[in-house]
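Text of the file query00.cif, holding mmCIF, C-alpha atoms:
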data_input
loop_
_atom_site.label_atom_id
_atom_site.label_comp_id
_atom_site.auth_asym_id
_atom_site.auth_seq_id
_atom_site.Cartn_x
_atom_site.Cartn_y
_atom_site.Cartn_z
CA MET A 19 -150.62 -148.92 187.37
CA VAL A 20 -150.57 -148.50 183.63
CA SER A 21 -146.95 -147.81 182.80
CA PHE A 22 -146.71 -145.99 179.45
CA MET A 23 -143.18 -147.37 179.48
CA LYS A 24 -141.80 -145.77 176.31
CA CYS A 25 -144.27 -142.99 175.53
CA GLY A 26 -141.95 -140.19 174.44
CA LEU A 27 -142.12 -136.51 173.68
CA ALA A 28 -144.04 -137.04 170.44
CA ALA A 29 -146.85 -138.66 172.39
CA LEU A 30 -146.65 -135.91 175.00
CA LEU A 31 -147.13 -133.23 172.36
CA VAL A 32 -150.10 -135.03 170.83
CA LEU A 33 -151.73 -135.47 174.25
CA GLN A 34 -151.10 -131.86 175.17
CA MET A 35 -152.53 -130.65 171.88
CA LEU A 36 -155.67 -132.69 172.43
CA SER A 37 -156.04 -131.61 176.06
CA GLY A 38 -155.43 -127.99 175.17
CA SER A 39 -158.34 -128.02 172.77
CA ALA A 40 -160.79 -129.49 175.25
CA ALA A 41 -163.91 -127.58 176.09
CA ALA A 42 -164.75 -126.90 179.71
CA THR A 43 -167.60 -128.94 181.11
CA GLU A 44 -168.13 -127.37 184.53
CA ALA A 45 -164.80 -126.21 185.93
CA ALA A 46 -163.87 -122.60 185.26
CA PRO A 47 -161.39 -121.79 182.46
CA ALA A 48 -158.80 -120.73 185.05
CA ASP A 49 -159.06 -124.13 186.77
CA LEU A 50 -158.71 -125.97 183.47
CA ALA A 51 -155.67 -123.89 182.53
CA ILE A 52 -153.93 -124.74 185.80
CA ALA A 53 -154.81 -128.42 185.45
CA ARG A 54 -153.43 -128.51 181.91
CA SER A 55 -150.25 -126.86 183.15
CA LEU A 56 -149.78 -129.45 185.89
CA ALA A 57 -150.63 -132.33 183.57
CA THR A 58 -148.16 -131.07 180.99
CA MET A 59 -145.38 -130.81 183.55
CA LEU A 60 -146.05 -134.37 184.70
CA GLN A 61 -146.05 -135.59 181.09
CA SER A 62 -142.91 -133.58 180.37
CA ALA A 63 -140.99 -135.14 183.24
CA ARG A 64 -142.33 -138.64 182.60
CA SER A 65 -141.20 -138.35 178.99
CA VAL A 66 -137.60 -137.94 180.17
CA ILE A 67 -137.83 -141.28 182.00
CA SER A 68 -139.50 -142.89 179.00
CA VAL A 69 -136.88 -141.91 176.46
CA ASN A 70 -134.09 -142.93 178.85
CA GLN A 71 -135.57 -146.31 179.81
CA GLU A 72 -132.96 -148.35 177.96
CA ARG A 73 -130.23 -146.22 179.50
CA ILE A 74 -131.64 -146.74 182.99
CA ASN A 75 -131.73 -150.51 182.43
CA ASP A 76 -128.21 -150.73 180.93
CA PRO A 77 -126.28 -153.02 183.35
CA ALA A 78 -122.92 -151.89 181.97
CA LEU A 79 -123.48 -148.20 182.62
CA GLY A 80 -123.02 -146.61 186.03
CA ASP A 81 -123.93 -142.96 186.33
CA LYS A 82 -126.83 -142.41 183.94
CA GLY A 83 -126.64 -138.62 184.08
CA LEU A 84 -130.20 -138.47 185.35
CA SER A 85 -129.86 -136.46 188.53
CA GLY A 86 -132.81 -134.49 189.79
CA ALA A 87 -131.42 -131.28 188.31
CA ALA A 88 -130.72 -132.92 184.93
CA VAL A 89 -134.19 -134.47 184.64
CA LEU A 90 -135.88 -131.23 185.69
CA GLU A 91 -133.90 -129.30 183.07
CA LYS A 92 -135.12 -131.68 180.36
CA ALA A 93 -138.67 -131.61 181.73
CA ILE A 94 -138.72 -127.82 181.62
CA ALA A 95 -137.52 -127.91 178.01
CA ASN A 96 -140.31 -130.37 177.13
CA TYR A 97 -142.90 -128.26 178.94
CA THR A 98 -141.73 -125.11 177.18
CA GLN A 99 -141.87 -126.86 173.81
CA ALA A 100 -145.40 -128.12 174.48
CA THR A 101 -146.83 -124.88 175.90
CA GLY A 102 -144.69 -122.07 174.54
CA ARG A 103 -143.84 -120.75 178.00
CA ASP A 104 -141.10 -121.35 180.53
CA PRO A 105 -142.61 -122.57 183.82
CA ASN A 106 -140.01 -120.55 185.70
CA THR A 107 -141.73 -117.39 184.48
CA ILE A 108 -145.01 -118.28 186.21
CA ASP A 109 -145.58 -115.95 189.18
CA PRO A 110 -144.35 -117.99 192.18
CA THR A 111 -146.89 -116.29 194.46
CA SER A 112 -149.85 -117.33 192.29
CA TYR A 113 -151.81 -120.53 192.86
CA GLU A 114 -150.46 -122.06 189.65
CA GLY A 115 -146.95 -120.87 190.46
CA ARG A 116 -146.97 -122.52 193.88
CA LEU A 117 -148.27 -125.78 192.49
CA ILE A 118 -145.95 -125.97 189.48
CA ARG A 119 -142.92 -125.30 191.69
CA ALA A 120 -144.03 -127.97 194.14
CA GLN A 121 -144.30 -130.33 191.19
CA MET A 122 -140.83 -129.46 189.89
CA ASP A 123 -139.38 -129.87 193.38
CA ALA A 124 -141.06 -133.27 193.57
CA VAL A 125 -139.35 -134.35 190.33
CA VAL A 126 -135.95 -133.43 191.76
CA GLU A 127 -136.70 -135.17 195.06
CA VAL A 128 -137.74 -138.43 193.39
CA MET A 129 -134.78 -138.57 191.04
CA ASP A 130 -132.22 -137.76 193.72
CA ALA A 131 -133.74 -140.33 196.10
CA ASN A 132 -133.46 -143.10 193.49
CA GLN A 133 -129.92 -142.56 192.21
CA ALA A 134 -128.61 -145.78 193.78
CA THR A 135 -131.25 -147.81 191.94
CA ILE A 136 -130.92 -145.98 188.63
CA ASN A 137 -127.12 -146.13 188.60
CA ALA A 138 -126.70 -149.72 189.83
CA GLU A 139 -124.15 -151.57 187.68
CA GLY A 140 -124.49 -155.24 186.84
CA GLU A 141 -128.26 -155.05 187.07
CA GLY A 142 -130.57 -154.82 184.07
CA PHE A 143 -134.23 -154.02 184.62
CA LYS A 144 -134.36 -151.64 187.59
CA GLY A 145 -138.11 -151.37 188.04
CA PHE A 146 -137.79 -147.59 187.75
CA ILE A 147 -140.30 -147.13 184.95
CA PRO A 148 -142.52 -144.15 184.07
CA ALA A 149 -145.39 -145.55 186.13
CA THR A 150 -143.22 -145.78 189.23
CA PHE A 151 -141.77 -142.33 188.60
CA THR A 152 -145.25 -140.86 188.12
CA ARG A 153 -146.57 -142.36 191.34
CA LEU A 154 -143.57 -141.19 193.35
CA VAL A 155 -143.76 -137.66 191.92
CA THR A 156 -147.48 -137.31 192.62
CA GLU A 157 -146.95 -138.57 196.17
CA ALA A 158 -144.09 -136.12 196.75
CA PHE A 159 -146.20 -133.34 195.23
CA GLN A 160 -149.08 -134.19 197.55
CA ALA A 161 -146.81 -134.09 200.58
CA ARG A 162 -145.77 -130.57 199.60
CA VAL A 163 -149.14 -129.02 198.78
CA GLY A 164 -151.37 -130.68 201.39
CA GLU A 165 -154.96 -129.53 200.99
CA GLU A 166 -154.12 -126.97 198.31
CA ALA A 167 -154.50 -129.49 195.51
CA SER A 168 -154.45 -133.18 194.63
CA MET A 169 -153.00 -135.11 191.71
CA LYS A 170 -152.67 -138.77 190.83
CA PHE A 171 -152.44 -141.00 187.81
CA THR A 172 -155.28 -143.48 187.52
CA ALA A 173 -156.91 -145.58 184.82
CA PRO A 174 -159.96 -147.69 184.01
CA PRO A 175 -160.19 -150.29 186.79
CA VAL A 176 -159.30 -153.21 184.48
CA LEU A 177 -155.95 -151.56 183.72
CA ILE A 178 -154.88 -150.85 187.29
CA ARG A 179 -151.67 -152.63 188.26
CA ASN A 180 -150.99 -150.82 191.53
CA ARG A 181 -153.70 -150.57 194.18
CA LYS A 182 -152.60 -147.03 195.02
CA ALA A 183 -153.73 -145.96 191.56
CA ARG A 184 -157.28 -147.26 191.88
CA PRO A 185 -159.86 -144.64 190.85
CA ASP A 186 -162.06 -143.25 193.59
CA ALA A 187 -165.83 -143.08 193.11
CA PHE A 188 -165.72 -139.78 191.20
CA GLU A 189 -162.90 -140.93 188.95
CA ALA A 190 -164.45 -144.32 188.25
CA ALA A 191 -167.78 -142.72 187.29
CA ALA A 192 -166.08 -140.10 185.10
CA ILE A 193 -164.08 -142.78 183.28
CA ARG A 194 -167.07 -145.09 182.84
CA ASP A 195 -169.74 -142.54 181.94
CA TYR A 196 -167.70 -140.02 179.97
CA LEU A 197 -164.11 -140.77 179.00
CA GLU A 198 -164.82 -144.33 177.85
CA ALA A 199 -168.08 -143.44 176.12
CA ALA A 200 -168.07 -144.07 172.37
CA ASP A 201 -169.24 -140.52 171.66
CA TRP A 202 -166.77 -138.76 174.00
CA PRO A 203 -164.46 -136.55 171.87
CA LYS A 204 -160.96 -137.99 172.08
CA GLY A 205 -158.73 -135.79 174.19
CA GLN A 206 -161.53 -133.79 175.78
CA ILE A 207 -161.07 -133.15 179.48
CA TYR A 208 -163.87 -134.03 181.86
CA SER A 209 -164.37 -131.69 184.81
CA ALA A 210 -166.90 -130.97 187.50
CA LEU A 211 -167.25 -128.89 190.63
CA VAL A 212 -167.85 -131.16 193.62
CA SER A 213 -168.35 -130.60 197.33
CA ALA A 214 -166.90 -132.83 200.00
CA ASP A 215 -166.66 -132.17 203.72
CA GLY A 216 -168.00 -128.70 203.15
CA GLN A 217 -165.26 -127.78 200.68
CA GLU A 218 -165.75 -127.20 196.97
CA ARG A 219 -163.21 -128.64 194.54
CA ALA A 220 -162.71 -128.47 190.82
CA ARG A 221 -162.02 -132.04 189.77
CA ILE A 222 -160.41 -132.38 186.39
CA MET A 223 -159.69 -135.57 184.44
CA VAL A 224 -157.09 -135.35 181.66
CA PRO A 225 -157.29 -138.48 179.46
CA GLU A 226 -154.27 -140.16 177.90
CA TYR A 227 -154.31 -142.70 175.09
CA TYR A 228 -152.04 -145.52 174.05
CA VAL A 229 -149.55 -144.78 171.29
CA PRO A 230 -147.56 -147.53 169.53
CA SER A 231 -144.61 -147.36 171.91
CA CYS A 232 -146.91 -148.00 174.89
CA LEU A 233 -148.04 -151.30 173.42
CA THR A 234 -144.69 -152.94 174.19
CA CYS A 235 -146.11 -153.51 177.67
CA HIS A 236 -149.84 -153.08 177.15
CA GLY A 237 -150.59 -154.50 173.71
CA ASP A 238 -150.95 -157.95 172.19
CA PRO A 239 -150.83 -160.76 172.88
CA ALA A 240 -153.09 -160.29 175.87
CA GLY A 241 -151.89 -162.28 178.84
CA GLU A 242 -148.25 -162.47 177.80
CA LEU A 243 -145.95 -161.17 180.55
CA ASP A 244 -144.23 -157.87 179.85
CA ILE A 245 -140.82 -156.81 181.15
CA THR A 246 -142.31 -155.85 184.51
CA GLY A 247 -143.85 -159.27 185.01
CA TYR A 248 -147.45 -158.15 184.47
CA PRO A 249 -149.70 -159.71 181.83
CA LYS A 250 -150.29 -157.49 178.83
CA GLU A 251 -153.80 -156.11 178.49
CA GLY A 252 -154.15 -156.53 174.71
CA ALA A 253 -154.69 -152.79 174.26
CA HIS A 254 -154.64 -151.04 170.90
CA GLU A 255 -153.39 -147.69 169.70
CA GLY A 256 -155.89 -144.96 170.62
CA ASP A 257 -157.47 -146.82 173.53
CA LEU A 258 -157.88 -144.90 176.78
CA GLY A 259 -154.85 -145.93 178.80
CA GLY A 260 -154.87 -143.62 181.80
CA VAL A 261 -156.08 -140.39 183.34
CA ILE A 262 -154.27 -137.61 185.15
CA SER A 263 -156.73 -136.74 187.91
CA ILE A 264 -156.33 -133.28 189.43
CA GLY A 265 -158.22 -131.57 192.22
CA LEU A 266 -158.02 -127.80 192.68
CA ILE A 267 -159.45 -125.08 194.87
CA PRO A 268 -161.75 -123.27 192.40
CA GLN A 269 -160.25 -120.01 191.19
#
Now that the file is in, can you turn its structure into structure tokens?
Amino acid sequence: MVSFMKCGLAALLVLQMLSGSAAATEAAPADLAIARSLATMLQSARSVISVNQERINDPALGDKGLSGAAVLEKAIANYTQATGRDPNTIDPTSYEGRLIRAQMDAVVEVMDANQATINAEGEGFKGFIPATFTRLVTEAFQARVGEEASMKFTAPPVLIRNRKARPDAFEAAAIRDYLEAADWPKGQIYSALVSADGQERARIMVPEYYVPSCLTCHGDPAGELDITGYPKEGAHEGDLGGVISIGLIPQ
């Protein structure tokens, strides 16, 4: 999976600003608002891992101070800064409230489950990078919400490093026909109402773009191995680097 290894809060705020200005294509405004909220929380939590990557990989440091509670606290602060609202104030009985709390619980679960890896002394690169964190959080989120919603981080097929992140047919078509199109407004969300197995879903694709700090692992020279052992893609600032794909019960 594309890793966005050091994309920090500045990038998060730019991405959120762009996503927030996107016009609806087919999903209802309420669905887009919930999707933006979930995407922003994921970005907010991932940013904490990004800005602490050197700390995580410091072989001389034991406890990194990145417990589930600590990371969630920072993620909430990032989310509040990006959106102007505290996620804890969202009605917990509402659809958005249930999903955002499941997402926050997933962040805590993932961090607490990986403390031994994160805090290992005498070991440099831990492999606990934003891409890994993102995948684990979306999986934990999915386990909590079941059929209520879906969320994963995917990317154009040529950028996929983890088979679990491969785009499905809808995602691949949306990336190819819309998000990668030369005339697609940068930052605009793609959405559509789709039916599968007799159930209607609002499927929402939130694009993310490479910023300079991402190019440490994904930039030039193409083919050179990055810190994770994968060959760099030769990407450039502003290229489409990934997509937060969200599925919701239409509201």
Which of A:Ile264, A:Ala100, A:Ala253, A:Ala51 sits closest to A:Ser231 [using all atoms listed in the file]: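 Answer, going by the shortest atom-to-atom distance: A:Ala253.
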Can you translate the PyMOL selection byres ((chain A and resi 154-164) around 9) into the concrete residues it hits in this file, as a ChimeraX atom specification? /A:60,116-117,120-128,149-153,165-171
Hey, can you spit out that residue selection with C-alpha atoms as a PDB file, keeping the file's coordinate frame?
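Output saved as selection.pdb:
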ATOM      1  CA  LEU A  60    -146.050-134.370 184.700  1.00  0.00           C
ATOM      2  CA  ARG A 116    -146.970-122.520 193.880  1.00  0.00           C
ATOM      3  CA  LEU A 117    -148.270-125.780 192.490  1.00  0.00           C
ATOM      4  CA  ALA A 120    -144.030-127.970 194.140  1.00  0.00           C
ATOM      5  CA  GLN A 121    -144.300-130.330 191.190  1.00  0.00           C
ATOM      6  CA  MET A 122    -140.830-129.460 189.890  1.00  0.00           C
ATOM      7  CA  ASP A 123    -139.380-129.870 193.380  1.00  0.00           C
ATOM      8  CA  ALA A 124    -141.060-133.270 193.570  1.00  0.00           C
ATOM      9  CA  VAL A 125    -139.350-134.350 190.330  1.00  0.00           C
ATOM     10  CA  VAL A 126    -135.950-133.430 191.760  1.00  0.00           C
ATOM     11  CA  GLU A 127    -136.700-135.170 195.060  1.00  0.00           C
ATOM     12  CA  VAL A 128    -137.740-138.430 193.390  1.00  0.00           C
ATOM     13  CA  ALA A 149    -145.390-145.550 186.130  1.00  0.00           C
ATOM     14  CA  THR A 150    -143.220-145.780 189.230  1.00  0.00           C
ATOM     15  CA  PHE A 151    -141.770-142.330 188.600  1.00  0.00           C
ATOM     16  CA  THR A 152    -145.250-140.860 188.120  1.00  0.00           C
ATOM     17  CA  ARG A 153    -146.570-142.360 191.340  1.00  0.00           C
ATOM     18  CA  GLU A 165    -154.960-129.530 200.990  1.00  0.00           C
ATOM     19  CA  GLU A 166    -154.120-126.970 198.310  1.00  0.00           C
ATOM     20  CA  ALA A 167    -154.500-129.490 195.510  1.00  0.00           C
ATOM     21  CA  SER A 168    -154.450-133.180 194.630  1.00  0.00           C
ATOM     22  CA  MET A 169    -153.000-135.110 191.710  1.00  0.00           C
ATOM     23  CA  LYS A 170    -152.670-138.770 190.830  1.00  0.00           C
ATOM     24  CA  PHE A 171    -152.440-141.000 187.810  1.00  0.00           C
TER      25      PHE A 171
END
Residue by residue, what does the PyMOL selection byres ((chain A and resi 145) around 12) grab here? Present the result as a list in words. Ser21, Met23, Ile67, Gln71, Glu72, Ile74, Asn75, Asn132, Thr135, Ile136, Ala138, Glu141, Gly142, Phe143, Lys144, Phe146, Ile147, Pro148, Ala149, Thr150, Phe151, Ile245, Thr246 and Gly247 of chain A
Report as a VMD selection string the residues that result from applying the PyMOL selection byres ((chain A and resi 183) around 7) to the structure here. chain A and resid 19 171 to 172 178 180 to 182 184 to 185
Nearest to A:Val176: which of A:Thr98, A:Asp201, A:Lys250, A:Glu139 is it, counting all atoms listed in the file?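 Of the candidates, the smallest distance to A:Val176 is held by A:Lys250.
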Let me make sure I understand: among A:Ala134, A:Val69, A:Ile193, A:Leu211, which one has the smallest atom-to-atom distance to A:Gly265 if we use only C-alpha atoms? A:Leu211
For A:Gly256: contacts at 12 Å, all atoms listed in the file, fewer than 2 positions along chain excluded, given as a list in words: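 The residues that qualify are Ala29, Val32, Leu33, Glu198, Lys204, Gly205, Pro225, Glu226, Tyr227, Tyr228, Val229, Pro230, Ser231, Cys232, Leu233, Gly237, Ala253, His254, Leu258, Gly259 and Gly260 of chain A.
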Surrounding residues of A:Val224 excluding itself and chain neighbours under 5 positions, 8 Å, all atoms listed in the file, as a ChimeraX atom specification: /A:37,54,57,205-208,261-263
